[in-house]
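Source file upload_32.txt; content: compact mmCIF, C-alpha atoms and all ligand atoms.
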# COMPACT_ATOMS: atom_id res chain seq x y z
CA MET A 25 102.79 105.68 128.96
CA ILE A 26 103.07 103.46 125.86
CA LYS A 27 105.14 105.08 123.14
CA CYS A 28 103.80 105.30 119.60
CA GLU A 29 105.51 102.49 117.69
CA LEU A 30 104.48 103.13 114.11
CA SER A 31 103.21 106.07 112.05
CA ILE A 32 101.33 105.23 108.86
CA ILE A 33 101.31 108.13 106.42
CA VAL A 34 98.48 108.23 103.88
CA PRO A 35 98.29 111.04 101.29
CA THR A 36 94.73 111.66 100.09
CA LEU A 37 92.93 113.54 97.39
CA ARG A 38 89.18 112.85 97.22
CA GLU A 39 89.36 109.47 98.98
CA ALA A 40 86.57 109.96 101.58
CA MET A 41 84.85 106.70 100.60
CA ASN A 42 88.04 104.66 101.01
CA ILE A 43 89.18 106.00 104.38
CA PRO A 44 86.83 103.98 106.67
CA ILE A 45 87.68 100.72 104.87
CA LEU A 46 91.40 101.47 104.99
CA VAL A 47 91.31 102.31 108.71
CA LYS A 48 89.40 99.11 109.43
CA GLU A 49 91.85 96.95 107.44
CA ILE A 50 94.87 98.59 109.11
CA THR A 51 93.33 98.07 112.56
CA THR A 52 92.64 94.39 111.86
CA ALA A 53 96.24 93.89 110.69
CA LEU A 54 97.91 95.78 113.55
CA GLU A 55 95.80 95.07 116.63
CA PRO A 56 97.33 91.63 117.25
CA VAL A 57 100.92 92.87 116.93
CA LEU A 58 101.25 96.48 118.10
CA SER A 59 99.90 98.37 121.09
CA ASP A 60 100.18 101.92 119.80
CA TRP A 61 100.27 103.24 116.27
CA GLU A 62 98.87 106.25 114.42
CA ILE A 63 97.45 106.88 110.96
CA ILE A 64 98.25 110.31 109.57
CA ILE A 65 96.11 111.43 106.66
CA ILE A 66 97.47 114.33 104.66
CA ASP A 67 94.58 115.61 102.59
CA ASP A 68 94.82 118.34 99.96
CA ASN A 69 91.55 120.06 100.78
CA SER A 70 89.40 117.43 99.07
CA ARG A 71 86.09 118.89 100.33
CA ASP A 72 84.39 115.54 99.79
CA GLY A 73 83.46 114.77 103.39
CA THR A 74 86.95 113.61 104.41
CA ILE A 75 86.95 115.88 107.51
CA LYS A 76 83.56 114.61 108.72
CA ILE A 77 84.49 110.98 108.18
CA CYS A 78 87.84 111.34 109.96
CA ASP A 79 86.12 113.11 112.90
CA ARG A 80 83.67 110.24 113.21
CA LEU A 81 86.41 107.60 113.04
CA SER A 82 88.43 109.46 115.69
CA ARG A 83 85.40 109.66 117.99
CA GLU A 84 84.99 105.91 117.55
CA GLY A 85 88.55 105.44 118.80
CA ALA A 86 90.64 105.17 115.62
CA PRO A 87 94.18 106.55 116.17
CA LEU A 88 93.76 109.00 113.33
CA LYS A 89 95.32 112.41 112.73
CA LEU A 90 94.01 114.44 109.80
CA VAL A 91 96.03 117.28 108.33
CA VAL A 92 94.25 119.34 105.67
CA ARG A 93 96.56 121.31 103.42
CA LYS A 94 94.92 124.33 101.84
CA ASN A 95 97.87 125.95 100.11
CA LYS A 96 99.85 122.99 98.88
CA ARG A 97 99.26 120.19 96.44
CA GLY A 98 101.06 116.97 95.53
CA LEU A 99 101.44 113.42 96.74
CA ALA A 100 105.18 113.49 97.48
CA THR A 101 105.15 116.73 99.47
CA ALA A 102 102.07 115.46 101.34
CA VAL A 103 104.11 112.44 102.48
CA LEU A 104 106.94 114.71 103.66
CA ASP A 105 104.45 116.83 105.63
CA GLY A 106 103.14 113.55 107.09
CA PHE A 107 106.64 112.66 108.33
CA ALA A 108 106.83 116.06 110.04
CA HIS A 109 103.62 115.28 111.98
CA ALA A 110 104.61 111.70 112.85
CA ARG A 111 105.52 110.64 116.41
CA ALA A 112 106.86 107.10 115.92
CA PRO A 113 110.42 105.90 115.16
CA VAL A 114 109.14 103.87 112.17
CA PHE A 115 107.12 105.17 109.20
CA VAL A 116 105.00 103.31 106.65
CA VAL A 117 103.72 105.13 103.55
CA MET A 118 100.72 103.80 101.63
CA ASP A 119 97.92 104.89 99.29
CA ALA A 120 94.37 105.33 100.52
CA ASP A 121 92.64 103.46 97.69
CA LEU A 122 93.24 99.95 99.11
CA SER A 123 95.75 99.06 96.39
CA HIS A 124 98.36 98.35 99.06
CA PRO A 125 97.56 95.41 101.36
CA PRO A 126 97.54 96.49 105.05
CA THR A 127 98.22 92.82 105.93
CA SER A 128 101.86 93.41 104.86
CA ILE A 129 102.43 96.21 107.39
CA PRO A 130 103.45 93.95 110.34
CA LEU A 131 106.18 92.35 108.19
CA PHE A 132 107.44 95.76 107.01
CA TYR A 133 107.58 96.87 110.64
CA LYS A 134 109.45 93.76 111.77
CA MET A 135 112.02 94.12 108.98
CA ILE A 136 112.77 97.69 110.04
CA GLN A 137 113.07 96.53 113.67
CA ASP A 138 115.50 93.87 112.46
CA GLY A 139 117.74 96.48 110.84
CA ALA A 140 116.46 97.18 107.32
CA GLU A 141 116.72 100.85 106.40
CA PHE A 142 114.08 100.66 103.69
CA VAL A 143 111.38 98.06 103.01
CA LEU A 144 109.68 98.25 99.64
CA GLY A 145 106.42 96.57 98.65
CA SER A 146 107.14 95.16 95.20
CA ARG A 147 104.83 93.92 92.46
CA TYR A 148 107.68 92.65 90.36
CA ILE A 149 109.37 89.94 92.44
CA PRO A 150 108.15 86.34 92.79
CA GLY A 151 104.98 86.27 94.87
CA GLY A 152 104.03 89.83 93.92
CA GLY A 153 101.69 90.97 91.19
CA THR A 154 99.04 93.29 89.86
CA ASP A 155 95.34 92.87 89.50
CA ASP A 156 94.09 91.00 86.43
CA ARG A 157 92.13 94.13 85.57
CA TRP A 158 95.36 96.07 84.95
CA THR A 159 95.44 96.93 81.26
CA VAL A 160 98.48 96.08 79.15
CA TYR A 161 98.96 99.83 78.72
CA ARG A 162 99.12 100.37 82.49
CA LEU A 163 101.54 97.48 82.99
CA LEU A 164 103.84 98.62 80.18
CA ASN A 165 103.67 102.16 81.45
CA SER A 166 104.73 101.07 84.94
CA LYS A 167 107.50 98.81 83.62
CA PHE A 168 108.82 101.51 81.28
CA ALA A 169 108.81 104.09 84.08
CA SER A 170 110.78 101.59 86.22
CA LEU A 171 113.26 101.02 83.42
CA LEU A 172 114.00 104.74 83.25
CA ALA A 173 115.03 104.63 86.92
CA ARG A 174 117.32 101.62 86.40
CA ASP A 175 120.58 103.50 86.93
CA LEU A 176 119.31 105.19 90.07
CA THR A 177 118.54 102.04 92.04
CA SER A 178 118.53 98.28 91.62
CA VAL A 179 115.17 97.72 93.35
CA SER A 180 112.63 95.84 91.24
CA ASP A 181 109.72 98.27 91.66
CA PRO A 182 111.01 101.84 92.09
CA MET A 183 107.52 103.16 91.27
CA SER A 184 106.00 101.60 94.37
CA GLY A 185 104.26 103.92 96.82
CA PHE A 186 104.10 101.31 99.59
CA PHE A 187 107.20 101.30 101.79
CA ALA A 188 108.61 101.59 105.30
CA LEU A 189 111.64 103.36 106.74
CA PRO A 190 113.10 104.31 110.09
CA ARG A 191 112.64 107.95 111.11
CA SER A 192 116.46 108.29 111.06
CA LEU A 193 116.59 107.80 107.28
CA TRP A 194 114.24 110.72 106.72
CA GLU A 195 116.15 112.83 109.26
CA ARG A 196 119.47 112.38 107.51
CA CYS A 197 118.11 113.19 104.02
CA GLU A 198 119.09 116.65 102.94
CA ASN A 199 117.57 118.59 100.07
CA LEU A 200 114.46 116.50 99.58
CA SER A 201 112.60 118.13 96.71
CA PRO A 202 110.33 115.60 95.02
CA VAL A 203 108.09 116.76 92.22
CA GLY A 204 105.00 114.66 91.66
CA TYR A 205 104.47 111.12 92.90
CA LYS A 206 107.70 109.25 93.49
CA ILE A 207 108.72 110.02 97.04
CA GLY A 208 110.03 106.46 97.60
CA LEU A 209 112.54 106.85 94.78
CA GLU A 210 113.60 110.25 96.14
CA LEU A 211 114.25 108.75 99.60
CA ILE A 212 116.25 105.85 98.12
CA VAL A 213 118.45 108.10 95.96
CA LYS A 214 119.05 110.84 98.52
CA GLY A 215 119.00 108.78 101.72
CA ARG A 216 121.11 105.90 100.34
CA PRO A 217 119.56 103.32 102.69
CA ARG A 218 122.13 100.67 103.57
CA ASN A 219 119.92 97.64 103.77
CA ILE A 220 116.95 97.62 101.37
CA LYS A 221 114.51 94.72 101.59
CA GLU A 222 111.77 93.99 99.08
CA VAL A 223 108.52 92.27 100.01
CA PRO A 224 106.20 90.87 97.34
CA ILE A 225 102.78 92.52 97.35
CA HIS A 226 99.66 92.00 95.33
CA PHE A 227 98.55 95.40 94.07
CA ARG A 228 94.76 95.64 93.97
CA THR A 229 93.00 97.90 91.48
CA ARG A 230 91.13 100.71 93.18
CA MET A 231 87.46 99.86 93.75
CA LEU A 232 86.15 103.29 94.77
CA GLY A 233 86.95 106.83 93.68
CA GLU A 234 88.98 107.87 90.70
CA SER A 235 92.66 107.80 89.77
CA LYS A 236 94.69 110.98 90.11
CA LEU A 237 97.55 109.63 88.02
CA SER A 238 97.39 111.91 84.99
CA LEU A 239 99.61 112.58 82.01
CA ARG A 240 100.71 115.70 83.88
CA GLN A 241 101.97 113.50 86.73
CA GLN A 242 103.90 111.39 84.23
CA LEU A 243 105.58 114.50 82.86
CA PHE A 244 106.44 115.53 86.43
CA TYR A 245 108.06 112.12 86.77
CA LEU A 246 110.39 112.76 83.83
CA ASN A 247 111.38 116.05 85.39
CA HIS A 248 111.92 114.35 88.75
CA LEU A 249 114.12 111.70 87.10
CA ARG A 250 116.23 114.38 85.48
CA SER A 251 116.88 116.05 88.84
CA LEU A 252 117.63 112.71 90.56
CA TYR A 253 120.16 111.66 87.89
CA TRP A 254 121.81 115.05 88.23
CA TYR A 255 121.87 114.72 92.03
CA LYS A 256 123.37 111.22 91.83
CA LEU A 257 126.06 112.30 89.40
CA LYS A 258 127.13 115.12 91.71
CA SER A 259 127.03 113.07 94.92
CA ASP A 260 128.86 110.06 93.39
CA LYS A 261 131.59 112.45 92.26
CA ALA A 262 131.81 114.06 95.71
CA LEU A 263 132.17 110.60 97.29
CA GLU A 264 135.00 109.70 94.92
CA GLU A 265 136.99 112.85 95.81
N1 LIG B 301 97.58 114.77 99.47
C1 LIG B 301 97.58 114.36 98.19
N2 LIG B 301 97.36 113.06 97.89
C2 LIG B 301 97.34 112.70 96.58
C3 LIG B 301 97.56 113.61 95.52
N3 LIG B 301 97.47 112.93 94.34
C4 LIG B 301 97.21 111.65 94.67
N4 LIG B 301 97.14 111.50 96.02
C5 LIG B 301 96.90 110.27 96.79
O1 LIG B 301 97.99 109.41 96.51
C6 LIG B 301 97.56 108.06 96.43
C7 LIG B 301 97.90 107.49 95.03
O2 LIG B 301 97.11 108.13 94.05
P1 LIG B 301 96.30 107.29 92.95
O3 LIG B 301 95.34 108.20 92.26
O4 LIG B 301 95.72 106.08 93.60
O5 LIG B 301 97.43 106.92 91.94
P2 LIG B 301 97.76 105.51 91.35
O6 LIG B 301 97.75 104.49 92.45
O7 LIG B 301 99.02 105.66 90.60
O8 LIG B 301 96.57 105.27 90.32
P3 LIG B 301 95.17 104.42 90.51
O9 LIG B 301 95.40 103.38 91.53
O10 LIG B 301 94.82 103.94 89.18
O11 LIG B 301 94.16 105.38 91.03
C8 LIG B 301 96.07 108.06 96.77
O12 LIG B 301 95.89 107.87 98.14
C9 LIG B 301 95.67 109.49 96.37
O13 LIG B 301 94.53 109.97 97.03
C10 LIG B 301 97.79 114.99 95.86
O14 LIG B 301 97.96 115.86 95.01
N5 LIG B 301 97.78 115.30 97.19
MG MG B 302 96.04 104.03 93.43
Would you give me this structure, written as structure tokens?
Ligand SMILES: Nc1nc2c(ncn2[C@@H]2O[C@H](COP(=O)(O)OP(=O)(O)OP(=O)(O)O)[C@@H](O)[C@H]2O)c(=O)[nH]1
Ligand SMILES: [Mg+2]
Amino acid sequence: MIKCELSIIVPTLREAMNIPILVKEITTALEPVLSDWEIIIIDDNSRDGTIKICDRLSREGAPLKLVVRKNKRGLATAVLDGFAHARAPVFVVMDADLSHPPTSIPLFYKMIQDGAEFVLGSRYIPGGGTDDRWTVYRLLNSKFASLLARDLTSVSDPMSGFFALPRSLWERCENLSPVGYKIGLELIVKGRPRNIKEVPIHFRTRMLGESKLSLRQQLFYLNHLRSLYWYKLKSDKALEE
């Protein structure tokens, strides 16, 4: 039996329209390079036809697993629940709204196979970028949020939600307790990956559906930062002793 090589975790909230396009783009990117992979959709009870669409795609042969959470909410915890359902030794995390290019997944996978412990899709290194339709406000917001995380990690785009890691990194992380969106940052700070690689990506603006990034999420981020700085202070001190 062929073993599952890669699990792609996709958190969703009202993304029914995007799922078929995403699955098609992932399949096109992976079919030439991998023999067995899975897409795990962790949906927070969207009730927008997601279940019906995923059933249809599965019947058509897509390697899709849908988990509908009825009592929980939140992007970061959805990703962690996705890891718990995953079978493969390598995980990729990406958004459903086609902002993250599935064509980069084979490279992420190869870098993990070659020994990287974290591969981050970055908009802010040469070759990467954002859509021209990004407003100045959105760009400044993203850059400012990154600046606030500067003393937690030296990666160029700590806000990125497109990344890969080996299962072992997740398994050795203790006390994961992300609030809000930034699960990548949480894994970097608490897992201390030894070999982080950054890959330039072009971040597309979502075409379908609406953004869930609210002011509330941004306030959650500040709270998350506070707990990560506190965690880092304590663990750096423990390492020194
Ligand atoms: N399961 C789950 N997924 C979520 C939740 N909030 C957002 N998501 C998903 O997380 C991904 C990122 O959310 P987006 O709304 O695209 O956030 P963003 O990329 O910062 O903003 P836009 O691209 O402008 O929409 C998408 O796939 C969302 O459907 C949530 O509470 N639960
Ligand atoms: Mg998005």
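Of the residues listed (A:Val179, A:Ile225, A:Leu189, A:Ala102), A:Leu189 shows the shortest atom-to-atom separation from Asp138 of chain A; distances use only C-alpha atoms.
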Give one line per residue of chain A that approaches ligand MG 302 (chain B) to at most 7 Å, naming the two atoms of the closest pair and their distance in Å to one decimal, counting all atoms listed in the file; sort by chain then ascending residue number and deliver it as CSV.
residue,atom,partner,partner_atom,distance
A:Asp119,CA,B:MG302,MG,6.2
A:Asp121,CA,B:MG302,MG,5.5
A:Ser123,CA,B:MG302,MG,5.8
A:Arg230,CA,B:MG302,MG,5.9
A:Ser235,CA,B:MG302,MG,6.2
Contacts to ligand LIG 301 (chain B) at 7 Å cut-off (only C-alpha atoms and all ligand atoms) as a PyMOL selection string: chain A and resi 34-39+66-68+97-99+102+119-121+123+229-230+234-237
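Between atom CA of Met183 of chain A and atom CA of Ile207 of chain A the separation is 9.0 Å.
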Write out as a PyMOL selection string the residues lying within 9 Å of Leu249 of chain A, counting only C-alpha atoms and excluding same-chain residues fewer than 3 positions away. chain A and resi 172-173+176+244-246+252-254
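Proximity ranking of A:Leu144, A:Val114, A:Ala86, A:Val57 relative to Lys221 of chain A places A:Leu144 first, based on all atoms listed in the file.
With distances restricted to all atoms listed in the file, A:His248 is the closest residue to Val203 of chain A from A:His248, A:Arg228, A:Arg191, A:Arg174.
Between Ser59 of chain A and the residues A:Lys27, A:Lys76, A:Lys214, A:Arg83, the shortest atom-to-atom distance, using all atoms listed in the file, involves A:Lys27.
Here atom CA of His124 of chain A and atom CA of Trp61 of chain A stand 18.0 Å from one another.
Comparing A:Ser178, A:Thr51, A:Asn42, A:Ser31 by their smallest distance to Ile63 of chain A, the closest is A:Ser31 (using all atoms listed in the file).
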For Leu163 of chain A, which of A:Leu193, A:Pro130, A:Phe227, A:Leu211 is the closest residue, counting only C-alpha atoms? A:Phe227
Please write C-alpha atoms of segment 122-250 of chain A, from the structure given just now, as a CSV table (one decimal), in the first residue's frame.
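This is the output file selection12.csv:
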chain,number,residue,atom,x,y,z
A,122,LEU,CA,-6.7,30.9,-3.5
A,123,SER,CA,-4.5,33.6,-2.0
A,124,HIS,CA,-1.7,31.0,-1.6
A,125,PRO,CA,-0.4,29.5,-4.8
A,126,PRO,CA,-0.7,25.7,-4.9
A,127,THR,CA,2.1,25.6,-7.4
A,128,SER,CA,4.5,26.3,-4.6
A,129,ILE,CA,3.5,23.1,-2.6
A,130,PRO,CA,6.0,20.7,-4.4
A,131,LEU,CA,8.9,23.0,-3.5
A,132,PHE,CA,7.7,23.3,0.1
A,133,TYR,CA,7.5,19.5,0.3
A,134,LYS,CA,11.0,19.0,-1.2
A,135,MET,CA,12.5,21.4,1.2
A,136,ILE,CA,11.1,19.5,4.1
A,137,GLN,CA,12.3,16.3,2.6
A,138,ASP,CA,15.8,17.9,2.3
A,139,GLY,CA,15.8,18.7,6.0
A,140,ALA,CA,14.1,22.1,6.6
A,141,GLU,CA,12.0,22.1,9.8
A,142,PHE,CA,9.8,24.9,8.6
A,143,VAL,CA,9.1,26.4,5.2
A,144,LEU,CA,7.4,29.7,5.0
A,145,GLY,CA,5.7,31.3,2.0
A,146,SER,CA,6.8,34.9,2.1
A,147,ARG,CA,5.5,38.0,0.4
A,148,TYR,CA,8.3,40.1,1.6
A,149,ILE,CA,11.5,38.6,0.1
A,150,PRO,CA,12.7,39.2,-3.5
A,151,GLY,CA,10.4,37.4,-5.9
A,152,GLY,CA,7.5,37.6,-3.5
A,153,GLY,CA,4.7,40.1,-3.5
A,154,THR,CA,1.1,41.1,-3.0
A,155,ASP,CA,-1.7,41.8,-5.5
A,156,ASP,CA,-1.8,45.3,-7.0
A,157,ARG,CA,-5.3,45.5,-5.6
A,158,TRP,CA,-4.0,45.4,-2.0
A,159,THR,CA,-4.7,48.8,-0.5
A,160,VAL,CA,-2.0,50.9,1.2
A,161,TYR,CA,-3.9,50.4,4.4
A,162,ARG,CA,-3.8,46.6,4.1
A,163,LEU,CA,-0.1,46.6,3.2
A,164,LEU,CA,0.8,48.9,6.1
A,165,ASN,CA,-1.3,46.9,8.5
A,166,SER,CA,0.5,43.7,7.5
A,167,LYS,CA,3.9,45.3,7.7
A,168,PHE,CA,3.1,46.8,11.1
A,169,ALA,CA,1.8,43.5,12.4
A,170,SER,CA,5.1,41.9,11.2
A,171,LEU,CA,7.1,44.6,12.9
A,172,LEU,CA,5.5,43.8,16.3
A,173,ALA,CA,6.7,40.2,16.0
A,174,ARG,CA,10.3,41.3,15.2
A,175,ASP,CA,11.8,40.1,18.5
A,176,LEU,CA,10.0,36.8,18.3
A,177,THR,CA,11.5,35.6,15.0
A,178,SER,CA,13.7,36.9,12.2
A,179,VAL,CA,11.5,35.6,9.3
A,180,SER,CA,10.4,38.2,6.8
A,181,ASP,CA,6.7,37.4,6.9
A,182,PRO,CA,5.6,36.1,10.3
A,183,MET,CA,2.0,36.9,9.4
A,184,SER,CA,2.0,34.3,6.5
A,185,GLY,CA,-0.6,31.5,6.7
A,186,PHE,CA,1.1,29.4,4.0
A,187,PHE,CA,3.8,27.1,5.4
A,188,ALA,CA,5.0,23.5,5.7
A,189,LEU,CA,6.5,21.5,8.5
A,190,PRO,CA,7.4,17.9,9.4
A,191,ARG,CA,4.9,16.1,11.7
A,192,SER,CA,7.7,15.9,14.3
A,193,LEU,CA,7.8,19.6,14.8
A,194,TRP,CA,4.1,19.7,15.7
A,195,GLU,CA,4.6,16.6,17.9
A,196,ARG,CA,7.3,18.2,20.0
A,197,CYS,CA,5.5,21.5,20.6
A,198,GLU,CA,4.1,21.6,24.1
A,199,ASN,CA,1.4,24.1,25.3
A,200,LEU,CA,0.2,25.3,21.9
A,201,SER,CA,-2.5,27.8,22.7
A,202,PRO,CA,-3.0,30.2,19.7
A,203,VAL,CA,-5.7,32.8,19.9
A,204,GLY,CA,-6.9,34.0,16.5
A,205,TYR,CA,-5.1,33.6,13.2
A,206,LYS,CA,-1.4,33.3,13.6
A,207,ILE,CA,-0.7,29.6,14.0
A,208,GLY,CA,2.5,29.8,12.0
A,209,LEU,CA,4.0,32.3,14.4
A,210,GLU,CA,3.0,30.1,17.4
A,211,LEU,CA,4.7,27.0,15.8
A,212,ILE,CA,7.9,29.0,15.2
A,213,VAL,CA,8.1,30.4,18.7
A,214,LYS,CA,7.1,27.3,20.6
A,215,GLY,CA,8.6,24.6,18.3
A,216,ARG,CA,11.9,26.5,17.6
A,217,PRO,CA,12.4,24.9,14.2
A,218,ARG,CA,16.1,24.5,13.5
A,219,ASN,CA,16.2,25.2,9.8
A,220,ILE,CA,13.7,27.7,8.6
A,221,LYS,CA,13.5,28.3,4.8
A,222,GLU,CA,11.5,31.1,3.2
A,223,VAL,CA,10.1,30.8,-0.3
A,224,PRO,CA,8.9,33.9,-2.2
A,225,ILE,CA,5.1,33.7,-3.0
A,226,HIS,CA,2.8,36.0,-4.8
A,227,PHE,CA,-0.2,36.5,-2.6
A,228,ARG,CA,-3.4,36.8,-4.7
A,229,THR,CA,-6.4,38.8,-3.5
A,230,ARG,CA,-9.4,36.7,-2.9
A,231,MET,CA,-11.7,36.6,-5.9
A,232,LEU,CA,-14.8,34.9,-4.2
A,233,GLY,CA,-16.4,35.1,-0.8
A,234,GLU,CA,-15.6,37.6,1.9
A,235,SER,CA,-12.7,38.2,4.2
A,236,LYS,CA,-13.0,37.0,7.8
A,237,LEU,CA,-10.1,39.2,9.0
A,238,SER,CA,-11.9,41.6,11.3
A,239,LEU,CA,-10.8,44.2,13.8
A,240,ARG,CA,-11.6,41.6,16.5
A,241,GLN,CA,-9.0,39.3,14.9
A,242,GLN,CA,-6.5,42.0,15.0
A,243,LEU,CA,-7.1,42.5,18.7
A,244,PHE,CA,-6.8,38.8,19.2
A,245,TYR,CA,-3.4,39.1,17.5
A,246,LEU,CA,-2.2,41.7,20.1
A,247,ASN,CA,-3.2,39.3,22.9
A,248,HIS,CA,-1.5,36.4,21.1
A,249,LEU,CA,1.7,38.5,20.8
A,250,ARG,CA,1.6,39.3,24.5
